[in-house]
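Next up, run24.txt (compact mmCIF, C-alpha atoms):
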```txt
# COMPACT_ATOMS: atom_id res chain seq x y z
CA MET A 1 -13.11 41.42 -29.90
CA GLU A 2 -15.07 43.85 -32.02
CA VAL A 3 -13.41 47.05 -33.17
CA ILE A 4 -14.41 49.99 -35.34
CA LEU A 5 -11.85 50.67 -38.05
CA ILE A 6 -10.70 54.27 -38.26
CA LYS A 7 -8.62 53.76 -41.41
CA ASP A 8 -8.74 51.21 -44.23
CA VAL A 9 -6.77 48.09 -43.32
CA GLU A 10 -5.66 45.76 -46.12
CA LYS A 11 -7.40 42.36 -46.03
CA LEU A 12 -9.45 43.37 -42.96
CA GLY A 13 -11.89 46.12 -43.87
CA TYR A 14 -12.56 49.74 -44.66
CA ALA A 15 -12.87 52.78 -42.44
CA ASN A 16 -16.03 52.78 -40.27
CA ASP A 17 -16.50 49.01 -40.58
CA ILE A 18 -17.11 47.00 -37.42
CA VAL A 19 -14.95 43.88 -37.56
CA ASN A 20 -14.28 41.01 -35.22
CA VAL A 21 -10.57 40.36 -34.57
CA LYS A 22 -8.52 38.56 -31.97
CA PRO A 23 -7.94 40.62 -28.81
CA GLY A 24 -4.15 40.55 -29.15
CA TYR A 25 -4.28 41.91 -32.71
CA ALA A 26 -6.63 44.69 -31.60
CA ASN A 27 -4.83 45.65 -28.38
CA ASN A 28 -1.26 45.30 -29.64
CA TYR A 29 -1.52 46.58 -33.21
CA LEU A 30 -4.77 48.11 -34.44
CA ILE A 31 -5.60 50.37 -31.50
CA PRO A 32 -2.04 51.64 -30.72
CA GLN A 33 -1.34 52.35 -34.41
CA GLY A 34 -4.56 54.37 -34.70
CA TYR A 35 -6.22 51.98 -37.16
CA ALA A 36 -9.16 51.10 -34.89
CA LYS A 37 -10.97 51.79 -31.66
CA ALA A 38 -12.97 49.50 -29.38
CA ALA A 39 -16.58 48.99 -30.45
CA THR A 40 -18.29 50.08 -27.24
CA ALA A 41 -21.99 50.98 -27.13
CA SER A 42 -21.26 54.72 -27.14
CA ALA A 43 -18.75 54.36 -30.00
CA ARG A 44 -21.38 52.47 -32.03
CA LYS A 45 -23.92 55.29 -31.49
CA VAL A 46 -21.40 57.91 -32.58
CA LEU A 47 -20.52 55.82 -35.65
CA ALA A 48 -24.19 55.43 -36.60
CA GLU A 49 -24.78 59.18 -36.35
CA ASN A 50 -21.64 59.98 -38.36
CA LEU A 51 -22.60 57.51 -41.08
CA LYS A 52 -26.11 58.97 -41.28
CA GLN A 53 -24.72 62.49 -41.72
CA ARG A 54 -22.11 61.40 -44.24
CA ALA A 55 -24.41 59.37 -46.52
CA HIS A 56 -25.01 62.28 -48.91
CA LYS A 57 -21.30 63.11 -49.19
CA ASP A 58 -20.46 59.46 -49.84
CA ALA A 59 -22.93 59.32 -52.74
CA LYS A 60 -21.14 62.25 -54.41
CA ILE A 61 -17.71 60.72 -53.79
CA LEU A 62 -18.89 57.43 -55.32
CA ALA A 63 -20.26 59.23 -58.40
CA ASP A 64 -16.97 61.10 -58.83
CA ALA A 65 -15.01 57.84 -58.54
CA GLN A 66 -17.22 56.17 -61.17
CA ALA A 67 -16.75 59.12 -63.52
CA LEU A 68 -12.98 58.94 -63.04
CA ALA A 69 -13.06 55.18 -63.68
CA GLU A 70 -14.80 55.75 -67.02
CA LYS A 71 -12.24 58.41 -67.90
CA LEU A 72 -9.35 56.07 -67.02
CA ALA A 73 -10.82 53.22 -69.07
CA ASN A 74 -10.73 55.38 -72.20
CA LEU A 75 -7.36 57.01 -71.49
CA PRO A 76 -4.42 55.42 -73.32
CA ILE A 77 -1.17 55.63 -71.37
CA VAL A 78 2.19 55.40 -73.14
CA ILE A 79 5.30 54.96 -71.02
CA THR A 80 8.65 55.38 -72.75
CA VAL A 81 11.55 53.49 -71.20
CA LYS A 82 15.12 52.57 -72.01
CA ALA A 83 15.15 49.08 -73.47
CA GLU A 84 17.37 46.76 -75.43
CA GLU A 85 15.89 44.01 -77.61
CA GLY A 86 12.52 44.34 -75.86
CA LYS A 87 13.89 44.08 -72.32
CA ILE A 88 13.57 47.08 -70.04
CA PHE A 89 16.43 48.35 -67.91
CA GLY A 90 14.72 48.08 -64.50
CA SER A 91 10.92 47.82 -64.49
CA VAL A 92 7.79 49.92 -64.80
CA THR A 93 6.29 50.53 -61.35
CA SER A 94 3.07 51.98 -59.99
CA ALA A 95 4.95 55.26 -59.38
CA ASP A 96 5.76 55.46 -63.11
CA ILE A 97 2.11 54.86 -63.96
CA ALA A 98 0.97 57.52 -61.47
CA GLU A 99 3.44 59.95 -63.03
CA ALA A 100 2.14 59.17 -66.54
CA LEU A 101 -1.44 59.72 -65.34
CA ALA A 102 -0.43 63.02 -63.71
CA ALA A 103 0.93 64.15 -67.08
CA LYS A 104 -2.61 63.63 -68.44
CA ASP A 105 -4.13 65.68 -65.56
CA VAL A 106 -5.40 62.67 -63.59
CA THR A 107 -4.23 62.58 -59.98
CA VAL A 108 -4.07 59.07 -58.52
CA ASP A 109 -2.11 57.92 -55.49
CA ARG A 110 0.59 55.44 -56.48
CA LYS A 111 -0.43 53.18 -53.59
CA ALA A 112 -3.86 52.75 -55.19
CA ILE A 113 -2.33 51.29 -58.38
CA THR A 114 -1.80 47.55 -58.64
CA VAL A 115 0.31 46.23 -61.49
CA ASP A 116 2.19 43.01 -62.18
CA SER A 117 5.91 43.15 -62.81
CA ILE A 118 6.58 44.87 -66.14
CA LYS A 119 10.03 44.08 -67.47
CA THR A 120 9.46 43.92 -71.22
CA VAL A 121 8.07 46.22 -73.89
CA GLY A 122 4.41 45.61 -74.72
CA GLU A 123 0.76 46.13 -73.76
CA TYR A 124 -0.30 45.78 -70.11
CA GLU A 125 -3.17 46.51 -67.75
CA ALA A 126 -3.06 48.06 -64.31
CA THR A 127 -5.83 48.21 -61.71
CA VAL A 128 -6.54 51.48 -59.90
CA LYS A 129 -8.57 51.38 -56.69
CA LEU A 130 -10.54 54.63 -56.65
CA HIS A 131 -13.15 53.82 -54.00
CA ARG A 132 -14.12 50.80 -51.91
CA GLU A 133 -16.64 49.88 -54.63
CA VAL A 134 -14.90 51.26 -57.72
CA LYS A 135 -11.85 49.84 -59.45
CA ALA A 136 -10.67 51.00 -62.85
CA THR A 137 -8.51 49.22 -65.38
CA VAL A 138 -5.89 51.32 -67.17
CA LYS A 139 -4.36 50.14 -70.44
CA LEU A 140 -0.62 50.75 -70.70
CA SER A 141 1.69 50.73 -73.68
CA VAL A 142 5.33 50.34 -72.73
CA VAL A 143 7.57 51.41 -75.62
CA ALA A 144 11.33 51.66 -76.04
CA GLU A 145 13.15 54.98 -76.43
CA GLU A 146 14.67 55.63 -79.80
```

Structure rendered as C-alpha cells:
Amino acid sequence: MEVILIKDVEKLGYANDIVNVKPGYANNYLIPQGYAKAATASARKVLAENLKQRAHKDAKILADAQALAEKLANLPIVITVKAEEGKIFGSVTSADIAEALAAKDVTVDRKAITVDSIKTVGEYEATVKLHREVKATVKLSVVAEE
C-alpha cells in the first residue's frame, strides 16, 4: 500500500515522501497516528502542487541548515561534569549537549542530536541532524569540575 508521509518517520522516510508499506502498518499505525495518508490520485496531485510551491522555501531552509552546520563544526563545546578519577557521575546526554549549544546561542532540538554513551572525561563527537540532507558533527570536551 502506498502512503504519503505527513511527518518524518524514523527508518521509513521524510515528510512528503511516497512510500510503499504493508497495509496493516499503514491502516493500524501510520494513518491513525497522523504520520501518513493514503496515496490516492487526488492526494498525489495536491502533493505535487504543494512541493512545486514550496521548492523556493526549501532551498532557503537548506542553505540555512548548511550555514548552521559550518558554524557547529567550528564551535568548541565544553561540558563540565562531576567526576572522580575520570569517571562521570551519570552520563552526558543529548539534552546536556543541547543545553551547552543553547548557551552559545545555537538552538538545536535535543532529539536531533545523536551521541554515543559518554561516561568518562575526554573528547567526543556528536552528530546533529539539521535537515534531511545536512548533518553536522559537533566536537565535545567533557571535563571534570574542580

For Ala41 (chain A), the nearest of the candidates A:Val78, A:Glu2, A:Asp109, A:Val9, counting all atoms listed in the file: A:Glu2

Separation of CA of Leu62 (chain A) from CA of Ala15 (chain A) in Å: 15.0 Å

Residues near region 136-144 of chain A, cut-off 7 Å, all atoms listed in the file, skip fewer than 5 positions along chain, as JSON, numbers by chain: {"A": [69, 72, 73, 76, 77, 78, 79, 80, 81, 82, 83, 121, 122, 123, 124, 125, 126, 127, 128, 129]}

Would you write out, as JSON lines, a table of all residues in region 43-130 of chain A that have an atom no more than 12 Å from an atom of region 18-22 of chain A, listing for each the closest atom pair and the distance in Å to one decimal, considering only C-alpha atoms and ordering rows by chain and rising residue number?
```
{"residue": "A:Ala43", "atom": "CA", "partner": "A:Ile18", "partner_atom": "CA", "distance": 10.6}
{"residue": "A:Arg44", "atom": "CA", "partner": "A:Ile18", "partner_atom": "CA", "distance": 8.8}
{"residue": "A:Leu47", "atom": "CA", "partner": "A:Ile18", "partner_atom": "CA", "distance": 9.6}
{"residue": "A:Ala48", "atom": "CA", "partner": "A:Ile18", "partner_atom": "CA", "distance": 11.0}
```

Expected file contents, prior selection, C-alpha atoms, as a short mmCIF file (atom, residue, chain, number, x, y, z; two decimals), keeping the file's coordinate frame:
```cif
data_model
loop_
_atom_site.label_atom_id
_atom_site.label_comp_id
_atom_site.auth_asym_id
_atom_site.auth_seq_id
_atom_site.Cartn_x
_atom_site.Cartn_y
_atom_site.Cartn_z
CA ALA A 43 -18.75 54.36 -30.00
CA ARG A 44 -21.38 52.47 -32.03
CA LEU A 47 -20.52 55.82 -35.65
CA ALA A 48 -24.19 55.43 -36.60
#
```

Residue nearest Glu133 (chain A) among A:Leu12, A:Pro32, A:Lys45, A:Ala65 (counting all atoms listed in the file):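 Of the candidates, the smallest distance to Glu133 (chain A) is held by A:Ala65.
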
Residue nearest Leu130 (chain A) - candidates A:Asp64, A:Glu145, A:Asp17, A:Asp8, atoms counted: all atoms listed in the file: A:Asp64

Coordinates-based distance that separates CA of Gly24 (chain A) from CA of Ala38 (chain A) (Å, one decimal):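 That distance, rounded to one decimal, is 12.6 Å.
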
Box along x, y and z, 4 Å on every side, all listed atoms of region 29-37 of chain A inside: centre and edge lengths in Å to one decimal, as AutoDock Vina command-line options.
```
--center_x -6.2 --center_y 50.5 --center_z -33.9 --size_x 17.6 --size_y 15.8 --size_z 14.4
```

Point-to-point distance in Å for CA of Tyr14 (chain A) and CA of Asp105 (chain A): 27.6 Å

Distance criterion (all atoms listed in the file): nearest to Lys135 (chain A) out of A:Asn74, A:Thr114, A:Ser91, A:Thr120: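 Result for the nearest residue to Lys135 (chain A): A:Thr114.
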
Exercise: Gly34 (chain A) partners within 10 Å, all atoms listed in the file, chain neighbours under 5 positions left out, as a ChimeraX atom specification: /A:5-7,29

Could you add the missing atoms to region 114-134 of chain A, up to N, CA, C and O atoms, and return them as a PDB file, keeping the file's coordinate frame?
```
ATOM      1  N   THR A 114      -2.314  48.906 -58.734  1.00  0.00           N
ATOM      2  CA  THR A 114      -1.800  47.550 -58.640  1.00  0.00           C
ATOM      3  C   THR A 114      -1.406  47.101 -60.045  1.00  0.00           C
ATOM      4  O   THR A 114      -2.230  47.142 -60.970  1.00  0.00           O
ATOM      5  N   VAL A 115      -0.167  46.662 -60.187  1.00  0.00           N
ATOM      6  CA  VAL A 115       0.310  46.230 -61.490  1.00  0.00           C
ATOM      7  C   VAL A 115       1.281  45.071 -61.298  1.00  0.00           C
ATOM      8  O   VAL A 115       2.031  45.016 -60.325  1.00  0.00           O
ATOM      9  N   ASP A 116       1.226  44.100 -62.213  1.00  0.00           N
ATOM     10  CA  ASP A 116       2.190  43.010 -62.180  1.00  0.00           C
ATOM     11  C   ASP A 116       3.543  43.542 -62.642  1.00  0.00           C
ATOM     12  O   ASP A 116       3.637  44.631 -63.199  1.00  0.00           O
ATOM     13  N   SER A 117       4.566  42.755 -62.436  1.00  0.00           N
ATOM     14  CA  SER A 117       5.910  43.150 -62.810  1.00  0.00           C
ATOM     15  C   SER A 117       6.004  43.356 -64.327  1.00  0.00           C
ATOM     16  O   SER A 117       5.677  42.468 -65.103  1.00  0.00           O
ATOM     17  N   ILE A 118       6.434  44.539 -64.724  1.00  0.00           N
ATOM     18  CA  ILE A 118       6.580  44.870 -66.140  1.00  0.00           C
ATOM     19  C   ILE A 118       8.060  45.016 -66.437  1.00  0.00           C
ATOM     20  O   ILE A 118       8.686  45.969 -66.000  1.00  0.00           O
ATOM     21  N   LYS A 119       8.602  44.061 -67.169  1.00  0.00           N
ATOM     22  CA  LYS A 119      10.030  44.080 -67.470  1.00  0.00           C
ATOM     23  C   LYS A 119      10.323  43.977 -68.956  1.00  0.00           C
ATOM     24  O   LYS A 119      11.475  43.917 -69.353  1.00  0.00           O
ATOM     25  N   THR A 120       9.274  43.954 -69.775  1.00  0.00           N
ATOM     26  CA  THR A 120       9.460  43.920 -71.220  1.00  0.00           C
ATOM     27  C   THR A 120       8.547  44.936 -71.885  1.00  0.00           C
ATOM     28  O   THR A 120       7.564  45.387 -71.301  1.00  0.00           O
ATOM     29  N   VAL A 121       8.869  45.293 -73.110  1.00  0.00           N
ATOM     30  CA  VAL A 121       8.070  46.220 -73.890  1.00  0.00           C
ATOM     31  C   VAL A 121       6.785  45.506 -74.311  1.00  0.00           C
ATOM     32  O   VAL A 121       6.801  44.320 -74.621  1.00  0.00           O
ATOM     33  N   GLY A 122       5.659  46.221 -74.290  1.00  0.00           N
ATOM     34  CA  GLY A 122       4.410  45.610 -74.720  1.00  0.00           C
ATOM     35  C   GLY A 122       3.186  46.306 -74.157  1.00  0.00           C
ATOM     36  O   GLY A 122       3.255  47.424 -73.648  1.00  0.00           O
ATOM     37  N   GLU A 123       2.047  45.613 -74.252  1.00  0.00           N
ATOM     38  CA  GLU A 123       0.760  46.130 -73.760  1.00  0.00           C
ATOM     39  C   GLU A 123       0.442  45.472 -72.418  1.00  0.00           C
ATOM     40  O   GLU A 123       0.559  44.262 -72.270  1.00  0.00           O
ATOM     41  N   TYR A 124       0.004  46.277 -71.445  1.00  0.00           N
ATOM     42  CA  TYR A 124      -0.300  45.780 -70.110  1.00  0.00           C
ATOM     43  C   TYR A 124      -1.563  46.448 -69.575  1.00  0.00           C
ATOM     44  O   TYR A 124      -2.048  47.421 -70.142  1.00  0.00           O
ATOM     45  N   GLU A 125      -2.042  45.918 -68.456  1.00  0.00           N
ATOM     46  CA  GLU A 125      -3.170  46.510 -67.750  1.00  0.00           C
ATOM     47  C   GLU A 125      -2.809  46.690 -66.289  1.00  0.00           C
ATOM     48  O   GLU A 125      -2.149  45.837 -65.707  1.00  0.00           O
ATOM     49  N   ALA A 126      -3.258  47.791 -65.721  1.00  0.00           N
ATOM     50  CA  ALA A 126      -3.060  48.060 -64.310  1.00  0.00           C
ATOM     51  C   ALA A 126      -4.425  48.337 -63.684  1.00  0.00           C
ATOM     52  O   ALA A 126      -5.316  48.868 -64.338  1.00  0.00           O
ATOM     53  N   THR A 127      -4.581  47.973 -62.418  1.00  0.00           N
ATOM     54  CA  THR A 127      -5.830  48.210 -61.710  1.00  0.00           C
ATOM     55  C   THR A 127      -5.643  49.378 -60.749  1.00  0.00           C
ATOM     56  O   THR A 127      -4.673  49.411 -59.995  1.00  0.00           O
ATOM     57  N   VAL A 128      -6.584  50.315 -60.779  1.00  0.00           N
ATOM     58  CA  VAL A 128      -6.540  51.480 -59.900  1.00  0.00           C
ATOM     59  C   VAL A 128      -7.749  51.422 -58.978  1.00  0.00           C
ATOM     60  O   VAL A 128      -8.886  51.364 -59.434  1.00  0.00           O
ATOM     61  N   LYS A 129      -7.497  51.422 -57.685  1.00  0.00           N
ATOM     62  CA  LYS A 129      -8.570  51.380 -56.690  1.00  0.00           C
ATOM     63  C   LYS A 129      -8.938  52.827 -56.355  1.00  0.00           C
ATOM     64  O   LYS A 129      -8.197  53.538 -55.690  1.00  0.00           O
ATOM     65  N   LEU A 130     -10.111  53.255 -56.827  1.00  0.00           N
ATOM     66  CA  LEU A 130     -10.540  54.630 -56.650  1.00  0.00           C
ATOM     67  C   LEU A 130     -11.450  54.815 -55.441  1.00  0.00           C
ATOM     68  O   LEU A 130     -11.515  55.900 -54.869  1.00  0.00           O
ATOM     69  N   HIS A 131     -12.174  53.771 -55.088  1.00  0.00           N
ATOM     70  CA  HIS A 131     -13.150  53.820 -54.000  1.00  0.00           C
ATOM     71  C   HIS A 131     -13.330  52.380 -53.552  1.00  0.00           C
ATOM     72  O   HIS A 131     -12.940  51.450 -54.253  1.00  0.00           O
ATOM     73  N   ARG A 132     -13.935  52.173 -52.404  1.00  0.00           N
ATOM     74  CA  ARG A 132     -14.120  50.800 -51.910  1.00  0.00           C
ATOM     75  C   ARG A 132     -14.942  49.963 -52.877  1.00  0.00           C
ATOM     76  O   ARG A 132     -14.816  48.754 -52.919  1.00  0.00           O
ATOM     77  N   GLU A 133     -15.797  50.601 -53.686  1.00  0.00           N
ATOM     78  CA  GLU A 133     -16.640  49.880 -54.630  1.00  0.00           C
ATOM     79  C   GLU A 133     -16.232  50.066 -56.079  1.00  0.00           C
ATOM     80  O   GLU A 133     -16.816  49.449 -56.959  1.00  0.00           O
ATOM     81  N   VAL A 134     -15.257  50.920 -56.341  1.00  0.00           N
ATOM     82  CA  VAL A 134     -14.900  51.260 -57.720  1.00  0.00           C
ATOM     83  C   VAL A 134     -13.428  50.960 -57.977  1.00  0.00           C
ATOM     84  O   VAL A 134     -12.552  51.485 -57.287  1.00  0.00           O
TER      85      VAL A 134
END
```
